[in-house]
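Coordinates as given in run20.txt (compact mmCIF, C-alpha atoms):
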# COMPACT_ATOMS: atom_id res chain seq x y z
CA GLN A 1 0.00 0.00 0.00
CA VAL A 2 1.45 3.31 -1.10
CA GLN A 3 1.74 5.97 1.55
CA LEU A 4 2.87 9.55 1.20
CA VAL A 5 3.27 11.39 4.46
CA GLU A 6 3.95 15.11 4.47
CA SER A 7 5.47 17.02 7.34
CA GLY A 8 7.13 20.34 7.99
CA GLY A 9 4.23 22.69 7.57
CA GLY A 10 3.32 25.36 10.09
CA LEU A 11 3.46 29.07 10.68
CA ALA A 12 6.08 31.31 9.13
CA GLN A 13 6.64 35.02 8.87
CA ALA A 14 6.68 36.66 5.47
CA GLY A 15 10.21 36.47 4.16
CA GLY A 16 10.93 33.34 6.18
CA SER A 17 11.52 29.75 5.15
CA LEU A 18 10.02 26.31 5.64
CA ARG A 19 11.06 22.89 4.43
CA LEU A 20 8.39 20.34 3.70
CA SER A 21 9.11 16.63 3.63
CA CYS A 22 7.27 13.80 1.94
CA ALA A 23 8.12 10.30 3.08
CA ALA A 24 7.10 7.72 0.49
CA SER A 25 6.58 4.03 1.14
CA GLY A 26 4.80 0.98 -0.16
CA ARG A 27 6.47 0.45 -3.52
CA THR A 28 9.50 1.22 -5.63
CA PHE A 29 9.22 4.74 -6.96
CA THR A 30 12.10 4.61 -9.42
CA ASN A 31 9.93 5.35 -12.43
CA TYR A 32 7.70 7.80 -10.65
CA ALA A 33 7.27 11.53 -10.72
CA MET A 34 6.96 13.18 -7.34
CA GLY A 35 5.13 16.44 -7.21
CA TRP A 36 4.17 19.16 -4.77
CA PHE A 37 0.84 20.87 -5.19
CA ARG A 38 -0.99 23.34 -3.04
CA GLN A 39 -4.56 24.42 -2.48
CA ALA A 40 -5.68 27.63 -0.87
CA PRO A 41 -9.24 28.08 0.46
CA GLY A 42 -11.67 28.58 -2.37
CA LYS A 43 -9.07 27.88 -5.05
CA GLU A 44 -8.17 24.93 -7.21
CA ARG A 45 -5.23 22.73 -6.45
CA GLU A 46 -2.20 24.10 -8.27
CA PHE A 47 1.16 22.76 -9.27
CA VAL A 48 4.22 23.89 -7.34
CA ALA A 49 7.17 21.66 -8.27
CA ALA A 50 8.05 18.13 -9.37
CA LEU A 51 10.90 15.79 -10.11
CA ARG A 52 11.49 12.21 -11.17
CA TRP A 53 13.16 9.72 -8.89
CA ARG A 54 15.29 8.79 -11.89
CA GLY A 55 17.49 11.53 -13.27
CA ASP A 56 18.11 15.13 -12.34
CA SER A 57 15.21 16.94 -13.96
CA THR A 58 13.11 19.27 -11.88
CA TYR A 59 10.05 21.25 -12.81
CA TYR A 60 8.60 24.39 -11.27
CA ALA A 61 5.62 26.60 -11.63
CA ASP A 62 6.93 29.85 -13.09
CA SER A 63 5.98 31.87 -10.05
CA LYS A 64 7.91 29.53 -7.73
CA LYS A 65 11.22 29.49 -9.58
CA GLY A 66 13.99 30.97 -7.52
CA ARG A 67 12.10 30.74 -4.22
CA PHE A 68 11.20 27.04 -4.02
CA THR A 69 13.51 24.08 -4.48
CA ILE A 70 12.47 20.46 -4.81
CA SER A 71 14.92 17.70 -4.00
CA ARG A 72 15.02 14.07 -2.98
CA ASP A 73 16.92 11.69 -0.75
CA ASN A 74 16.89 8.29 -2.41
CA ALA A 75 18.16 6.48 0.68
CA LYS A 76 15.29 7.85 2.76
CA ASN A 77 12.67 7.68 0.00
CA THR A 78 11.86 11.27 0.84
CA VAL A 79 11.16 14.30 -1.29
CA TYR A 80 11.61 17.82 0.06
CA LEU A 81 10.29 21.24 -0.82
CA GLN A 82 12.46 24.07 0.45
CA MET A 83 10.46 27.28 0.46
CA ASN A 84 12.27 30.58 0.89
CA ARG A 85 11.17 34.22 0.93
CA LEU A 86 7.68 33.12 1.82
CA LYS A 87 4.74 35.38 1.08
CA PRO A 88 1.25 35.47 2.58
CA ASP A 89 0.00 34.25 -0.82
CA ASP A 90 1.90 31.02 -0.21
CA THR A 91 -0.61 30.13 2.51
CA ALA A 92 -2.24 26.86 1.52
CA VAL A 93 -2.41 23.16 2.21
CA TYR A 94 0.56 21.56 0.49
CA TYR A 95 0.20 18.08 -0.94
CA CYS A 96 2.76 15.55 -2.03
CA ALA A 97 1.83 13.34 -4.97
CA ALA A 98 3.28 10.41 -6.91
CA GLY A 99 2.56 9.40 -10.48
CA ASP A 100 3.92 6.62 -12.68
CA VAL A 101 5.76 8.03 -15.67
CA TYR A 102 4.91 5.51 -18.38
CA TYR A 103 5.95 7.78 -21.24
CA PRO A 104 8.54 10.32 -20.06
CA GLY A 105 8.22 12.48 -23.13
CA SER A 106 4.51 13.02 -22.67
CA PHE A 107 4.08 13.12 -18.90
CA ASP A 108 2.71 16.47 -17.78
CA TYR A 109 4.30 17.14 -14.42
CA THR A 110 1.97 20.06 -13.79
CA ASP A 111 -1.24 18.09 -14.26
CA VAL A 112 -3.07 17.00 -11.11
CA ASP A 113 -4.64 14.11 -13.01
CA GLY A 114 -1.25 12.59 -13.78
CA TYR A 115 -0.65 11.71 -10.14
CA LYS A 116 -2.25 8.61 -8.70
CA TYR A 117 -1.18 8.80 -5.08
CA TRP A 118 -1.61 11.72 -2.72
CA GLY A 119 -0.62 12.56 0.81
CA GLN A 120 -2.97 14.01 3.37
CA GLY A 121 -1.53 17.50 3.07
CA THR A 122 0.26 19.83 5.44
CA GLN A 123 -0.88 23.36 6.25
CA VAL A 124 1.44 26.26 5.58
CA THR A 125 0.43 29.65 6.92
CA VAL A 126 2.51 32.72 6.16
CA LEU A 127 1.90 35.75 8.34
CA SER A 128 2.36 39.24 6.98

Written as structure tokens, that's how I'd like the structure from this file.
Amino acid sequence: QVQLVESGGGLAQAGGSLRLSCAASGRTFTNYAMGWFRQAPGKEREFVAALRWRGDSTYYADSKKGRFTISRDNAKNTVYLQMNRLKPDDTAVYYCAAGDVYYPGSFDYTDVDGYKYWGQGTQVTVLS
């Protein structure tokens, strides 16, 4: 049974930093994409960042480039999202997701529907 467990959310001041973690278990994720999405109250879930367990490629929403960094620790089966220079607009529930990349050339890392497994989410609140 696949489990994705997020942690690291909480309160932060504007301009501060948080690091989210996503511990993955239940299968081999070698051919998987791991993504971070977020959902603010009253808004749709939106893409933040993603990577593949295999290779060095990372993907970011344009507005997150330069402030957010996604990374992984293969030994710990954990994916991280380092968030710097936080803004009140970053307040949301952050979700970790995993999706099987059957066709690497056509996988849309930004698409919610491409991810089969989801964590329960972790709340991030940025105070102004």

Contact check, range 79-99 of chain A to range 113-123 of chain A, at most 7 Å, counting only C-alpha atoms, closest pairs as a tab-separated table:
residue	atom	partner	partner_atom	distance
A:Ala92	CA	A:Gln123	CA	6.0
A:Val93	CA	A:Gln123	CA	4.3
A:Tyr94	CA	A:Gly121	CA	5.2
A:Tyr95	CA	A:Gly121	CA	4.4
A:Cys96	CA	A:Gly119	CA	5.3
A:Ala97	CA	A:Trp118	CA	4.4
A:Ala98	CA	A:Tyr117	CA	5.1
A:Gly99	CA	A:Tyr115	CA	4.0

query = Of the candidates A:Ala14, A:Val2, A:Val79, A:Val126, which one gets nearest to Met34 in chain A if we count only C-alpha atoms?
reply =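 Among A:Ala14, A:Val2, A:Val79, A:Val126, it is A:Val79 that comes nearest to Met34 in chain A.
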
message = List the spatial neighbours of Val112 in chain A as a PyMOL selection string - criterion: any atom at most 8 Å away, all atoms listed in the file, same-chain residues fewer than 6 positions off excluded.
response = chain A and resi 45-47

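Near Asp56 in chain A, within 12 Å and counting only C-alpha atoms, sit Ala33, Ala50, Leu51, Arg52, Trp53, Arg54, Thr58, Tyr59, Ile70, Ser71 and Arg72 of chain A, not including residues fewer than 2 positions from it in the same chain.
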
Keeping C-alpha atoms, export the residues of the selection given above as a PDB file, in the coordinates of the input.
ATOM      1  CA  ALA A  33       7.270  11.530 -10.720  1.00  0.00           C
ATOM      2  CA  ALA A  50       8.050  18.130  -9.370  1.00  0.00           C
ATOM      3  CA  LEU A  51      10.900  15.790 -10.110  1.00  0.00           C
ATOM      4  CA  ARG A  52      11.490  12.210 -11.170  1.00  0.00           C
ATOM      5  CA  TRP A  53      13.160   9.720  -8.890  1.00  0.00           C
ATOM      6  CA  ARG A  54      15.290   8.790 -11.890  1.00  0.00           C
ATOM      7  CA  THR A  58      13.110  19.270 -11.880  1.00  0.00           C
ATOM      8  CA  TYR A  59      10.050  21.250 -12.810  1.00  0.00           C
ATOM      9  CA  ILE A  70      12.470  20.460  -4.810  1.00  0.00           C
ATOM     10  CA  SER A  71      14.920  17.700  -4.000  1.00  0.00           C
ATOM     11  CA  ARG A  72      15.020  14.070  -2.980  1.00  0.00           C
TER      12      ARG A  72
END

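Of the residues listed (A:Lys65, A:Gln82, A:Asn74, A:Tyr32), A:Gln82 shows the shortest atom-to-atom separation from Leu20 in chain A; distances use all atoms listed in the file.
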
query = Hey, can you check how far CA of Leu11 in chain A sits from CA of Leu127 in chain A?
reply =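 Separating CA of Leu11 in chain A from CA of Leu127 in chain A is a distance of 7.2 Å.
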
message = Can you measure CA of Phe107 in chain A to CA of Asn31 in chain A for me? One decimal in Å is fine.
response =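 Between these atoms lies a distance of 11.7 Å.
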
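Going from CA of Thr69 in chain A to CA of Phe29 in chain A covers 20.0 Å.
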
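Between Gly9 in chain A and the residues A:Ser57, A:Tyr80, A:Val124, A:Asp108, the shortest atom-to-atom distance, using all atoms listed in the file, involves A:Val124.
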
key: Nearest to Leu81 in chain A by atom-to-atom distance, counting only C-alpha atoms, from A:Glu44, A:Asp111, A:Asp100, A:Glu6   = A:Glu6

key: Best match for closeness to Leu86 in chain A among A:Asp62, A:Arg67, A:Gly35, A:Pro104, counting only C-alpha atoms   =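 Of all the options, A:Arg67 lies closest to Leu86 in chain A.
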
query = Which residue, A:Lys64, A:Asp73, A:Tyr102, A:Ala40, has the smallest gap to Ala23 in chain A when you use all atoms listed in the file?
reply =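 Under the stated criterion, the closest residue is A:Asp73.
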
task = Taking the point (3.9, 8.8, 1.8) as given in the file, collect each protein or nucleic acid residue that comes within 6 Å of it, counting only C-alpha atoms, and present the set as JSON, numbers by chain.
result = {"A": [3, 4, 5, 23, 24, 25, 119]}

Give me, as a short mmCIF file (atom, residue, chain, number, x, y, z; two decimals) with C-alpha atoms, keeping the file's coordinate frame, all polymer residues having an atom no more than 8 Å from Ser128 in chain A, counting all atoms listed in the file and skipping those fewer than 5 positions away in the same chain.
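For reference, result.cif as written:
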data_model
loop_
_atom_site.label_atom_id
_atom_site.label_comp_id
_atom_site.auth_asym_id
_atom_site.auth_seq_id
_atom_site.Cartn_x
_atom_site.Cartn_y
_atom_site.Cartn_z
CA GLN A 13 6.64 35.02 8.87
CA ALA A 14 6.68 36.66 5.47
CA LYS A 87 4.74 35.38 1.08
CA PRO A 88 1.25 35.47 2.58
#
